[in-house]
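**Q** You'll find data_36.pdb just under this line, and it carries PDB, C-alpha atoms and all ligand atoms.
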ATOM      1  CA  MET J 700      -1.042  24.568  -2.985
ATOM      2  CA  ILE J 701       0.810  21.615  -4.435
ATOM      3  CA  LEU J 702      -1.607  19.149  -5.957
ATOM      4  CA  ILE J 703       0.179  15.838  -5.499
ATOM      5  CA  ASP J 704      -0.217  14.034  -8.795
ATOM      6  CA  GLY J 705      -0.173  10.364  -7.866
ATOM      7  CA  LYS J 706      -0.646   9.268 -11.462
ATOM      8  CA  LYS J 707       2.453  11.162 -12.563
ATOM      9  CA  GLU J 708       4.500  10.003  -9.565
ATOM     10  CA  ALA J 709       3.441   6.397 -10.144
ATOM     11  CA  ALA J 710       4.332   6.621 -13.836
ATOM     12  CA  GLU J 711       7.787   7.963 -12.904
ATOM     13  CA  LEU J 712       8.258   5.172 -10.379
ATOM     14  CA  ARG J 713       7.225   2.569 -12.961
ATOM     15  CA  GLU J 714       9.800   3.997 -15.403
ATOM     16  CA  THR J 715      12.537   3.652 -12.765
ATOM     17  CA  LEU J 716      11.388   0.108 -11.998
ATOM     18  CA  LYS J 717      11.318  -0.810 -15.689
ATOM     19  CA  TYR J 718      14.926   0.267 -16.003
ATOM     20  CA  GLU J 719      15.829  -1.671 -12.872
ATOM     21  CA  VAL J 720      14.155  -4.830 -14.202
ATOM     22  CA  SER J 721      16.129  -4.581 -17.461
ATOM     23  CA  GLU J 722      19.347  -4.270 -15.438
ATOM     24  CA  LEU J 723      18.427  -7.256 -13.281
ATOM     25  CA  LYS J 724      17.645  -9.263 -16.402
ATOM     26  CA  GLU J 725      21.081  -8.492 -17.762
ATOM     27  CA  LYS J 726      22.773  -9.376 -14.488
ATOM     28  CA  PHE J 727      20.868 -12.522 -13.514
ATOM     29  CA  ASN J 728      19.427 -13.609 -16.839
ATOM     30  CA  LYS J 729      15.945 -13.657 -15.324
ATOM     31  CA  VAL J 730      13.280 -11.202 -14.223
ATOM     32  CA  PRO J 731      11.339 -10.931 -10.938
ATOM     33  CA  GLY J 732       8.048 -12.829 -10.950
ATOM     34  CA  LEU J 733       4.792 -11.843  -9.253
ATOM     35  CA  THR J 734       2.019 -14.366  -8.685
ATOM     36  CA  VAL J 735      -1.411 -13.157  -7.614
ATOM     37  CA  ILE J 736      -4.065 -15.508  -6.266
ATOM     38  CA  LEU J 737      -7.600 -14.297  -6.866
ATOM     39  CA  ILE J 738     -10.523 -16.095  -5.244
ATOM     40  CA  GLY J 739     -14.115 -15.478  -6.298
ATOM     41  CA  GLU J 740     -15.775 -13.032  -8.638
ATOM     42  CA  MET J 741     -15.913  -9.796  -6.612
ATOM     43  CA  ALA J 742     -15.826  -6.956  -9.136
ATOM     44  CA  PRO J 743     -13.406  -4.604  -7.301
ATOM     45  CA  SER J 744     -10.922  -7.432  -6.731
ATOM     46  CA  GLN J 745     -11.143  -8.408 -10.415
ATOM     47  CA  ILE J 746     -10.335  -4.813 -11.398
ATOM     48  CA  TYR J 747      -7.461  -4.501  -8.908
ATOM     49  CA  VAL J 748      -5.915  -7.755 -10.099
ATOM     50  CA  ARG J 749      -6.270  -6.805 -13.768
ATOM     51  CA  ASN J 750      -4.516  -3.486 -13.064
ATOM     52  CA  LYS J 751      -1.778  -5.213 -11.103
ATOM     53  CA  GLU J 752      -1.164  -7.666 -13.951
ATOM     54  CA  LYS J 753      -1.108  -4.880 -16.537
ATOM     55  CA  SER J 754       1.349  -2.765 -14.536
ATOM     56  CA  ALA J 755       3.577  -5.765 -13.804
ATOM     57  CA  ASN J 756       3.812  -6.552 -17.516
ATOM     58  CA  GLU J 757       4.467  -2.913 -18.307
ATOM     59  CA  VAL J 758       7.641  -2.828 -16.209
ATOM     60  CA  GLY J 759       8.797  -6.192 -17.524
ATOM     61  CA  LEU J 760       8.012  -8.433 -14.559
ATOM     62  CA  LYS J 761       6.866 -11.982 -15.116
ATOM     63  CA  SER J 762       3.310 -12.038 -13.830
ATOM     64  CA  GLU J 763       0.773 -14.760 -13.299
ATOM     65  CA  VAL J 764      -2.765 -14.748 -11.920
ATOM     66  CA  ILE J 765      -4.159 -17.928 -10.395
ATOM     67  CA  ARG J 766      -7.951 -17.794 -10.260
ATOM     68  CA  TYR J 767     -10.093 -19.942  -7.979
ATOM     69  CA  PRO J 768     -13.871 -20.081  -7.659
ATOM     70  CA  GLU J 769     -15.483 -18.599  -4.525
ATOM     71  CA  ALA J 770     -16.091 -22.075  -3.052
ATOM     72  CA  ILE J 771     -12.482 -23.251  -3.274
ATOM     73  CA  GLU J 772     -11.297 -25.173  -0.215
ATOM     74  CA  GLU J 773      -8.815 -23.402   2.042
ATOM     75  CA  LYS J 774      -6.560 -26.474   1.898
ATOM     76  CA  ILE J 775      -6.077 -26.119  -1.858
ATOM     77  CA  VAL J 776      -5.135 -22.467  -1.550
ATOM     78  CA  LEU J 777      -2.616 -23.264   1.198
ATOM     79  CA  GLU J 778      -1.117 -26.056  -0.912
ATOM     80  CA  LYS J 779      -0.759 -23.716  -3.867
ATOM     81  CA  ILE J 780       0.993 -21.139  -1.675
ATOM     82  CA  LYS J 781       3.396 -23.844  -0.497
ATOM     83  CA  GLU J 782       4.146 -24.738  -4.108
ATOM     84  CA  LEU J 783       4.757 -21.068  -4.983
ATOM     85  CA  ASN J 784       6.991 -20.647  -1.922
ATOM     86  CA  ASN J 785       9.228 -23.359  -3.386
ATOM     87  CA  ASP J 786       9.168 -22.031  -6.941
ATOM     88  CA  GLU J 787      12.343 -20.075  -7.616
ATOM     89  CA  ASN J 788      10.719 -18.245 -10.525
ATOM     90  CA  VAL J 789       8.222 -16.656  -8.124
ATOM     91  CA  SER J 790       9.700 -13.675  -6.269
ATOM     92  CA  GLY J 791       6.455 -12.353  -4.823
ATOM     93  CA  ILE J 792       3.102 -13.857  -3.850
ATOM     94  CA  LEU J 793      -0.045 -11.823  -3.245
ATOM     95  CA  VAL J 794      -3.418 -13.194  -2.247
ATOM     96  CA  GLN J 795      -6.041 -10.611  -3.161
ATOM     97  CA  LEU J 796      -8.182  -9.627  -0.160
ATOM     98  CA  PRO J 797     -10.937  -9.827   0.933
ATOM     99  CA  LEU J 798     -11.267 -13.602   1.027
ATOM    100  CA  PRO J 799     -14.481 -15.632   1.193
ATOM    101  CA  LYS J 800     -15.649 -16.178   4.788
ATOM    102  CA  HIS J 801     -14.722 -19.876   4.921
ATOM    103  CA  ILE J 802     -11.039 -19.070   4.299
ATOM    104  CA  ASP J 803      -8.947 -17.957   7.273
ATOM    105  CA  LYS J 804      -7.201 -14.761   6.165
ATOM    106  CA  GLN J 805      -4.475 -14.931   8.811
ATOM    107  CA  LYS J 806      -3.670 -18.558   7.958
ATOM    108  CA  VAL J 807      -3.275 -17.584   4.318
ATOM    109  CA  ILE J 808      -1.088 -14.568   5.115
ATOM    110  CA  GLU J 809       1.130 -16.656   7.374
ATOM    111  CA  ALA J 810       1.447 -19.422   4.763
ATOM    112  CA  ILE J 811       3.308 -17.069   2.429
ATOM    113  CA  LEU J 812       7.075 -17.070   2.962
ATOM    114  CA  PRO J 813       7.972 -13.689   4.539
ATOM    115  CA  GLU J 814      10.631 -13.337   1.834
ATOM    116  CA  LYS J 815       7.896 -13.508  -0.836
ATOM    117  CA  ASP J 816       5.257 -11.510   1.026
ATOM    118  CA  VAL J 817       4.952  -8.506  -1.325
ATOM    119  CA  ASP J 818       2.002  -7.115   0.655
ATOM    120  CA  GLY J 819       4.053  -6.892   3.849
ATOM    121  CA  PHE J 820       1.245  -8.456   5.904
ATOM    122  CA  HIS J 821       3.161 -11.450   7.307
ATOM    123  CA  PRO J 822       3.792 -11.019  11.073
ATOM    124  CA  MET J 823       7.510 -11.389  10.410
ATOM    125  CA  ASN J 824       7.446  -8.368   8.084
ATOM    126  CA  VAL J 825       5.178  -6.435  10.453
ATOM    127  CA  GLY J 826       7.668  -7.109  13.276
ATOM    128  CA  ASN J 827      10.691  -6.252  11.159
ATOM    129  CA  LEU J 828       9.121  -2.980  10.071
ATOM    130  CA  SER J 829       8.308  -1.963  13.624
ATOM    131  CA  SER J 830      11.814  -2.943  14.778
ATOM    132  CA  GLY J 831      13.339  -0.835  12.020
ATOM    133  CA  TYR J 832      14.759  -3.831  10.139
ATOM    134  CA  GLU J 833      14.587  -4.601   6.445
ATOM    135  CA  SER J 834      11.105  -5.796   5.462
ATOM    136  CA  SER J 835       8.395  -5.668   2.833
ATOM    137  CA  VAL J 836       6.218  -2.635   3.584
ATOM    138  CA  PRO J 837       2.472  -2.648   2.795
ATOM    139  CA  CYS J 838       2.014  -1.017  -0.608
ATOM    140  CA  THR J 839      -0.426   1.805   0.218
ATOM    141  CA  PRO J 840       1.539   3.278   3.158
ATOM    142  CA  LEU J 841       4.748   2.871   1.154
ATOM    143  CA  GLY J 842       3.142   4.883  -1.651
ATOM    144  CA  CYS J 843       2.029   7.586   0.828
ATOM    145  CA  TYR J 844       5.513   7.699   2.289
ATOM    146  CA  LEU J 845       7.128   8.225  -1.125
ATOM    147  CA  LEU J 846       4.664  11.017  -1.934
ATOM    148  CA  ILE J 847       5.356  12.774   1.388
ATOM    149  CA  LYS J 848       9.127  12.460   0.947
ATOM    150  CA  LYS J 849       8.886  14.025  -2.508
ATOM    151  CA  ILE J 850       7.277  17.120  -0.981
ATOM    152  CA  GLU J 851       9.385  17.213   2.176
ATOM    153  CA  PRO J 852      12.625  15.190   2.067
ATOM    154  CA  ASN J 853      13.528  15.983   5.689
ATOM    155  CA  LEU J 854      10.722  14.912   8.014
ATOM    156  CA  SER J 855      12.760  14.935  11.201
ATOM    157  CA  GLY J 856      10.879  16.525  14.095
ATOM    158  CA  LYS J 857       7.680  17.060  12.096
ATOM    159  CA  LYS J 858       4.385  16.365  13.829
ATOM    160  CA  ALA J 859       2.410  13.724  11.974
ATOM    161  CA  VAL J 860      -1.155  12.665  12.710
ATOM    162  CA  MET J 861      -2.323   9.322  11.399
ATOM    163  CA  ILE J 862      -6.097   8.962  11.259
ATOM    164  CA  GLY J 863      -6.935   5.257  11.345
ATOM    165  CA  ARG J 864      -5.056   2.349  12.925
ATOM    166  CA  SER J 865      -5.659  -0.514  10.497
ATOM    167  CA  ASN J 866      -3.014  -3.167   9.879
ATOM    168  CA  LEU J 867      -3.276  -2.333   6.196
ATOM    169  CA  ASN J 868      -2.698   1.416   6.418
ATOM    170  CA  GLY J 869      -2.555   3.194   9.773
ATOM    171  CA  LYS J 870      -0.107   1.031  11.706
ATOM    172  CA  PRO J 871       2.532   0.541   8.988
ATOM    173  CA  MET J 872       2.268   4.218   8.024
ATOM    174  CA  THR J 873       3.069   5.289  11.566
ATOM    175  CA  GLN J 874       6.155   3.050  11.534
ATOM    176  CA  LEU J 875       7.407   4.701   8.353
ATOM    177  CA  LEU J 876       6.866   8.167   9.813
ATOM    178  CA  LEU J 877       8.587   7.168  13.062
ATOM    179  CA  LYS J 878      11.569   5.893  11.095
ATOM    180  CA  GLU J 879      11.808   9.389   9.632
ATOM    181  CA  ASN J 880      11.922  10.844  13.164
ATOM    182  CA  CYS J 881       8.455  12.351  13.029
ATOM    183  CA  THR J 882       6.528  12.760  16.254
ATOM    184  CA  VAL J 883       3.536  10.584  15.456
ATOM    185  CA  THR J 884       0.051  10.638  16.938
ATOM    186  CA  ILE J 885      -2.179   7.710  16.041
ATOM    187  CA  THR J 886      -5.873   8.572  16.098
ATOM    188  CA  HIS J 887      -8.891   6.334  15.577
ATOM    189  CA  SER J 888     -12.628   5.989  16.080
ATOM    190  CA  LYS J 889     -12.316   6.412  19.861
ATOM    191  CA  THR J 890     -10.125   9.528  19.733
ATOM    192  CA  LYS J 891     -11.792  12.250  21.800
ATOM    193  CA  ASP J 892     -10.976  15.404  19.837
ATOM    194  CA  LEU J 893      -9.771  14.523  16.360
ATOM    195  CA  LYS J 894      -9.952  18.098  15.139
ATOM    196  CA  ALA J 895      -7.633  19.311  17.916
ATOM    197  CA  GLU J 896      -5.141  16.519  17.136
ATOM    198  CA  CYS J 897      -5.185  17.338  13.423
ATOM    199  CA  LEU J 898      -4.662  21.036  14.061
ATOM    200  CA  GLU J 899      -1.261  20.183  15.585
ATOM    201  CA  ALA J 900      -0.082  18.312  12.509
ATOM    202  CA  ASP J 901       2.506  19.206   9.894
ATOM    203  CA  ILE J 902       1.493  16.000   8.138
ATOM    204  CA  ILE J 903      -1.947  14.368   8.159
ATOM    205  CA  VAL J 904      -2.547  10.943   6.678
ATOM    206  CA  ALA J 905      -6.224   9.964   6.606
ATOM    207  CA  ALA J 906      -7.118   6.276   6.145
ATOM    208  CA  VAL J 907     -10.596   6.023   7.595
ATOM    209  CA  GLY J 908     -13.324   5.357   5.050
ATOM    210  CA  ILE J 909     -15.581   8.303   5.977
ATOM    211  CA  PRO J 910     -16.310  10.703   3.101
ATOM    212  CA  GLU J 911     -14.758  14.155   3.596
ATOM    213  CA  LEU J 912     -14.209  13.679   7.331
ATOM    214  CA  VAL J 913     -11.231  16.047   7.475
ATOM    215  CA  LYS J 914     -12.444  19.630   7.190
ATOM    216  CA  ALA J 915     -10.555  22.808   6.327
ATOM    217  CA  ASP J 916     -10.690  24.080   9.913
ATOM    218  CA  TRP J 917      -8.940  20.882  11.088
ATOM    219  CA  VAL J 918      -5.862  21.633   9.022
ATOM    220  CA  LYS J 919      -2.924  23.847   9.955
ATOM    221  CA  LYS J 920      -1.727  26.227   7.271
ATOM    222  CA  ASP J 921       1.024  24.606   5.190
ATOM    223  CA  ALA J 922       0.307  21.050   6.346
ATOM    224  CA  ILE J 923       0.857  18.136   3.975
ATOM    225  CA  VAL J 924      -2.374  16.136   3.699
ATOM    226  CA  ILE J 925      -2.461  12.616   2.296
ATOM    227  CA  ASP J 926      -5.883  11.145   1.609
ATOM    228  CA  VAL J 927      -5.992   7.347   1.491
ATOM    229  CA  GLY J 928      -9.785   7.047   1.645
ATOM    230  CA  ILE J 929     -11.842   5.753  -1.236
ATOM    231  CA  ASN J 930     -15.562   6.328  -0.635
ATOM    232  CA  LYS J 931     -18.401   5.794  -3.051
ATOM    233  CA  THR J 932     -20.937   8.607  -2.674
ATOM    234  CA  GLU J 933     -23.786  10.106  -4.678
ATOM    235  CA  LYS J 934     -21.351  12.617  -6.140
ATOM    236  CA  GLY J 935     -18.892   9.915  -7.121
ATOM    237  CA  ILE J 936     -15.685   8.664  -5.495
ATOM    238  CA  VAL J 937     -14.397  10.958  -2.751
ATOM    239  CA  GLY J 938     -11.656  10.666  -0.160
ATOM    240  CA  ASP J 939     -11.609  11.122   3.614
ATOM    241  CA  VAL J 940     -10.640  14.783   3.160
ATOM    242  CA  ASP J 941     -12.848  17.662   2.052
ATOM    243  CA  PHE J 942     -10.657  18.276  -0.983
ATOM    244  CA  LYS J 943     -12.164  21.559  -2.191
ATOM    245  CA  GLU J 944     -11.921  23.340   1.163
ATOM    246  CA  VAL J 945      -8.714  21.756   2.477
ATOM    247  CA  SER J 946      -6.914  22.634  -0.771
ATOM    248  CA  LYS J 947      -7.284  26.312   0.237
ATOM    249  CA  ILE J 948      -5.296  25.735   3.454
ATOM    250  CA  ALA J 949      -2.841  22.873   2.938
ATOM    251  CA  LYS J 950       0.648  23.145   1.491
ATOM    252  CA  ALA J 951       0.170  19.913  -0.449
ATOM    253  CA  LEU J 952      -2.757  17.547  -0.897
ATOM    254  CA  THR J 953      -3.503  14.314  -2.743
ATOM    255  CA  PRO J 954      -6.678  14.161  -4.826
ATOM    256  CA  VAL J 955      -9.052  11.173  -4.827
ATOM    257  CA  PRO J 956      -8.931   9.545  -7.284
ATOM    258  CA  GLY J 957      -5.484  10.074  -8.756
ATOM    259  CA  GLY J 958      -3.478  10.466  -5.547
ATOM    260  CA  VAL J 959      -2.516   7.526  -3.371
ATOM    261  CA  GLY J 960      -4.316   4.876  -5.470
ATOM    262  CA  PRO J 961      -1.920   4.758  -8.449
ATOM    263  CA  MET J 962       1.089   4.643  -6.104
ATOM    264  CA  THR J 963      -0.245   1.515  -4.392
ATOM    265  CA  ILE J 964       0.162  -0.670  -7.489
ATOM    266  CA  ALA J 965       3.517   0.860  -8.404
ATOM    267  CA  CYS J 966       4.723   0.010  -4.876
ATOM    268  CA  LEU J 967       3.590  -3.576  -5.298
ATOM    269  CA  LEU J 968       5.916  -3.822  -8.288
ATOM    270  CA  LYS J 969       8.669  -2.162  -6.258
ATOM    271  CA  ASN J 970       8.176  -4.706  -3.463
ATOM    272  CA  THR J 971       8.343  -7.593  -5.943
ATOM    273  CA  ILE J 972      11.648  -6.306  -7.288
ATOM    274  CA  GLU J 973      13.009  -5.841  -3.743
ATOM    275  CA  CYS J 974      12.044  -9.442  -2.874
ATOM    276  CA  PHE J 975      13.841 -10.661  -6.005
ATOM    277  CA  LYS J 976      16.964  -8.656  -5.170
ATOM    278  CA  ARG J 977      17.055 -10.000  -1.613
ATOM    279  CA  SER J 978      16.688 -13.564  -2.945
ATOM    280  CA  GLN J 979      19.760 -13.092  -5.157
ATOM    281  CA  ARG J 980      22.091 -11.970  -2.368
TER
HETATM  282  P1  LIG J1001     -10.312   0.079   8.176
HETATM  283  O1  LIG J1001     -11.799   0.094   8.153
HETATM  284  O2  LIG J1001      -9.583  -1.175   8.377
HETATM  285  O3  LIG J1001      -9.813   1.112   9.281
HETATM  286  C1  LIG J1001     -10.400   2.367   9.432
HETATM  287  C2  LIG J1001      -9.772   3.069  10.609
HETATM  288  O4  LIG J1001     -10.427   4.313  10.766
HETATM  289  C3  LIG J1001      -9.932   2.314  11.925
HETATM  290  O5  LIG J1001      -8.684   2.218  12.557
HETATM  291  C4  LIG J1001     -10.893   3.168  12.761
HETATM  292  O6  LIG J1001     -10.558   3.204  14.126
HETATM  293  C5  LIG J1001     -10.698   4.541  12.134
HETATM  294  N1  LIG J1001     -11.908   5.341  12.247
HETATM  295  C6  LIG J1001     -13.186   4.992  11.996
HETATM  296  N2  LIG J1001     -14.023   6.019  12.242
HETATM  297  C7  LIG J1001     -13.260   7.040  12.675
HETATM  298  C8  LIG J1001     -13.531   8.363  13.079
HETATM  299  N3  LIG J1001     -14.775   8.848  13.124
HETATM  300  N4  LIG J1001     -12.500   9.127  13.450
HETATM  301  C9  LIG J1001     -11.234   8.664  13.433
HETATM  302  N5  LIG J1001     -10.914   7.420  13.030
HETATM  303  C10 LIG J1001     -11.905   6.625  12.665
HETATM  304  O7  LIG J1001      -9.890   0.812   6.815
HETATM  305  P2  LIG J1001      -8.569   0.711   5.903
HETATM  306  O8  LIG J1001      -8.471  -0.643   5.313
HETATM  307  O9  LIG J1001      -7.395   1.277   6.611
HETATM  308  O10 LIG J1001      -9.002   1.719   4.744
HETATM  309  C11 LIG J1001      -9.291   3.071   5.010
HETATM  310  C12 LIG J1001      -9.739   3.750   3.733
HETATM  311  O11 LIG J1001      -8.675   3.672   2.782
HETATM  312  C13 LIG J1001     -10.955   3.115   3.051
HETATM  313  O12 LIG J1001     -11.721   4.147   2.469
HETATM  314  C14 LIG J1001     -10.318   2.265   1.957
HETATM  315  O13 LIG J1001     -11.183   2.069   0.866
HETATM  316  C15 LIG J1001      -9.140   3.096   1.579
HETATM  317  N6  LIG J1001      -8.010   2.373   0.973
HETATM  318  C16 LIG J1001      -7.394   2.956  -0.071
HETATM  319  C17 LIG J1001      -6.302   2.350  -0.663
HETATM  320  C18 LIG J1001      -5.617   3.022  -1.807
HETATM  321  O14 LIG J1001      -4.869   2.388  -2.525
HETATM  322  N7  LIG J1001      -5.815   4.312  -1.988
HETATM  323  C19 LIG J1001      -5.840   1.127  -0.178
HETATM  324  C20 LIG J1001      -6.474   0.564   0.933
HETATM  325  C21 LIG J1001      -7.559   1.198   1.496
END
Once more with this new file: its structure as structure tokens, please.

**A**
Amino acid sequence: MILIDGKKEAAELRETLKYEVSELKEKFNKVPGLTVILIGEMAPSQIYVRNKEKSANEVGLKSEVIRYPEAIEEKIVLEKIKELNNDENVSGILVQLPLPKHIDKQKVIEAILPEKDVDGFHPMNVGNLSSGYESSVPCTPLGCYLLIKKIEPNLSGKKAVMIGRSNLNGKPMTQLLLKENCTVTITHSKTKDLKAECLEADIIVAAVGIPELVKADWVKKDAIVIDVGINKTEKGIVGDVDFKEVSKIAKALTPVPGGVGPMTIACLLKNTIECFKRSQR
């Protein structure tokens, strides 16, 4: 079984991006800039943003974090986004989710210029991705995609089962697999026989949020299994896949932690660089 080492893959990707940033600096005499807006004091968001800032600096991006208190008015956030949209030193804008209840998430997402939407959540990017056009792709599915491609460069005709249909993970992931000519089945909480669907799959991507949902007898021998889930349990953080048992069957499997997670941040940096490059054309 191939244990997919997301930490190693992310480190390699960051090295490539670092080199790319130095080349861009030489060519354009400036580096891509990422601005993150963080609202409130939620501990996980604080950690994510700190890691994003650290990784951005590591590859040589210009990074900035704008922090607002929990009670900040929506209007002020929208005005700031407008200002950042017009700032040519800002290549990418990310508003860390979740947002406080009084702030309309969709309004915020749509306020970001699609060209600077490094999360790939703007409807314009969602539409472009599903139409097969150039777009920012949400970071976690992009990371999963790169991990899958490393194991199996030719995905044409493979059967892929996506578990979960969220805008963040499931839907964009299915678009990436479709683009690779996979035959994709999207499953979700109302799917009648999830096990039977999974047993058909050459590739399973699980983004559900249920600890160890995917069992060994759901997995076809030699399947590639990508575990997006992050679940806090009594025995620590586990994924949506029963790692110990599935590792005896699968051809390749991502661990949790240390699989998809590290790729997510590396892909955010990749998206920022792509936005910069498109802005220089
Ligand atoms: P979500 O709650 O938005 O969506 C979950 C999906 O799972 C839904 O589409 C739902 O229909 C489906 N689902 C629920 N119960 C099901 C069941 N019994 N059988 C089949 N499908 C079922 O979640 P999300 O935002 O997509 O996140 C999913 C998981 O991925 C969470 O554990 C989250 O913490 C994790 N996550 C990890 C990363 C990362 O970087 N590794 C990034 C984002 C999210």

**Q** Compute the set of protein, DNA and RNA residues whose minimum atom distance to ligand LIG 1001 (chain J) is at most 8 Å, using all atoms listed in the file, and state it as a PDB file with C-alpha atoms, in the coordinates of the input.

**A**
ATOM      1  CA  CYS J 838       2.014  -1.017  -0.608  1.00  0.00           C
ATOM      2  CA  THR J 839      -0.426   1.805   0.218  1.00  0.00           C
ATOM      3  CA  ILE J 862      -6.097   8.962  11.259  1.00  0.00           C
ATOM      4  CA  GLY J 863      -6.935   5.257  11.345  1.00  0.00           C
ATOM      5  CA  ARG J 864      -5.056   2.349  12.925  1.00  0.00           C
ATOM      6  CA  SER J 865      -5.659  -0.514  10.497  1.00  0.00           C
ATOM      7  CA  ASN J 866      -3.014  -3.167   9.879  1.00  0.00           C
ATOM      8  CA  LEU J 867      -3.276  -2.333   6.196  1.00  0.00           C
ATOM      9  CA  ASN J 868      -2.698   1.416   6.418  1.00  0.00           C
ATOM     10  CA  GLY J 869      -2.555   3.194   9.773  1.00  0.00           C
ATOM     11  CA  THR J 886      -5.873   8.572  16.098  1.00  0.00           C
ATOM     12  CA  HIS J 887      -8.891   6.334  15.577  1.00  0.00           C
ATOM     13  CA  SER J 888     -12.628   5.989  16.080  1.00  0.00           C
ATOM     14  CA  LYS J 889     -12.316   6.412  19.861  1.00  0.00           C
ATOM     15  CA  THR J 890     -10.125   9.528  19.733  1.00  0.00           C
ATOM     16  CA  LEU J 893      -9.771  14.523  16.360  1.00  0.00           C
ATOM     17  CA  ALA J 905      -6.224   9.964   6.606  1.00  0.00           C
ATOM     18  CA  ALA J 906      -7.118   6.276   6.145  1.00  0.00           C
ATOM     19  CA  VAL J 907     -10.596   6.023   7.595  1.00  0.00           C
ATOM     20  CA  GLY J 908     -13.324   5.357   5.050  1.00  0.00           C
ATOM     21  CA  ILE J 909     -15.581   8.303   5.977  1.00  0.00           C
ATOM     22  CA  LEU J 912     -14.209  13.679   7.331  1.00  0.00           C
ATOM     23  CA  ASP J 926      -5.883  11.145   1.609  1.00  0.00           C
ATOM     24  CA  VAL J 927      -5.992   7.347   1.491  1.00  0.00           C
ATOM     25  CA  GLY J 928      -9.785   7.047   1.645  1.00  0.00           C
ATOM     26  CA  ILE J 929     -11.842   5.753  -1.236  1.00  0.00           C
ATOM     27  CA  ASN J 930     -15.562   6.328  -0.635  1.00  0.00           C
ATOM     28  CA  GLY J 938     -11.656  10.666  -0.160  1.00  0.00           C
ATOM     29  CA  ASP J 939     -11.609  11.122   3.614  1.00  0.00           C
ATOM     30  CA  GLY J 958      -3.478  10.466  -5.547  1.00  0.00           C
ATOM     31  CA  VAL J 959      -2.516   7.526  -3.371  1.00  0.00           C
ATOM     32  CA  GLY J 960      -4.316   4.876  -5.470  1.00  0.00           C
ATOM     33  CA  PRO J 961      -1.920   4.758  -8.449  1.00  0.00           C
ATOM     34  CA  MET J 962       1.089   4.643  -6.104  1.00  0.00           C
ATOM     35  CA  THR J 963      -0.245   1.515  -4.392  1.00  0.00           C
ATOM     36  CA  ILE J 964       0.162  -0.670  -7.489  1.00  0.00           C
TER      37      ILE J 964
END

**Q** When you count all atoms listed in the file, which of these residues is closest to J:Gly842: J:Ser829, J:Asn970, J:Ser762, J:Asn880?

**A** J:Asn970

**Q** Quick one: which residues end up in the PyMOL selection byres (((chain J and resi 709) around 12) and not hetatm) for this structure, as a ChimeraX atom specification?

**A** /J:703-708,710-716,754,758,839,841-843,845-846,957-969

**Q** Any chance you could resolve the PyMOL selection byres (((chain J and resi 937) around 9) and not hetatm) against this file and give the residues as an MDAnalysis selection string?

**A** chainID J and resid 910:911 928:932 934:936 938:942 954:956

**Q** Write out as a ChimeraX atom specification which residues come within 7 Å of J:Thr734 when counting all atoms listed in the file, dropping same-chain ones fewer than 5 positions away.

**A** /J:762-764,789,791-793

**Q** Looking at J:Ser744, J:Met861, J:Lys781, J:Pro731, which one is nearest to J:Lys717, with distances taken over only C-alpha atoms?

**A** J:Pro731

**Q** If the PyMOL selection byres (((chain J and resi 860) around 9) and not hetatm) is run on the structure shown, which residues does it catch, given as a short mmCIF file (atom, residue, chain, number, x, y, z; two decimals) with C-alpha atoms, in the coordinates of the input?

**A**
data_model
loop_
_atom_site.label_atom_id
_atom_site.label_comp_id
_atom_site.auth_asym_id
_atom_site.auth_seq_id
_atom_site.Cartn_x
_atom_site.Cartn_y
_atom_site.Cartn_z
CA LYS J 858 4.38 16.36 13.83
CA ALA J 859 2.41 13.72 11.97
CA MET J 861 -2.32 9.32 11.40
CA ILE J 862 -6.10 8.96 11.26
CA THR J 873 3.07 5.29 11.57
CA THR J 882 6.53 12.76 16.25
CA VAL J 883 3.54 10.58 15.46
CA THR J 884 0.05 10.64 16.94
CA ILE J 885 -2.18 7.71 16.04
CA THR J 886 -5.87 8.57 16.10
CA GLU J 896 -5.14 16.52 17.14
CA CYS J 897 -5.18 17.34 13.42
CA GLU J 899 -1.26 20.18 15.58
CA ALA J 900 -0.08 18.31 12.51
CA ASP J 901 2.51 19.21 9.89
CA ILE J 902 1.49 16.00 8.14
CA ILE J 903 -1.95 14.37 8.16
CA VAL J 904 -2.55 10.94 6.68
CA ALA J 905 -6.22 9.96 6.61
#

**Q** Work out how far apart atom CA of J:Glu833 and atom CA of J:Ala810 are and give it in Å to one decimal.

**A**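 About the pair atom CA of J:Glu833 and atom CA of J:Ala810: they are 19.9 Å apart.
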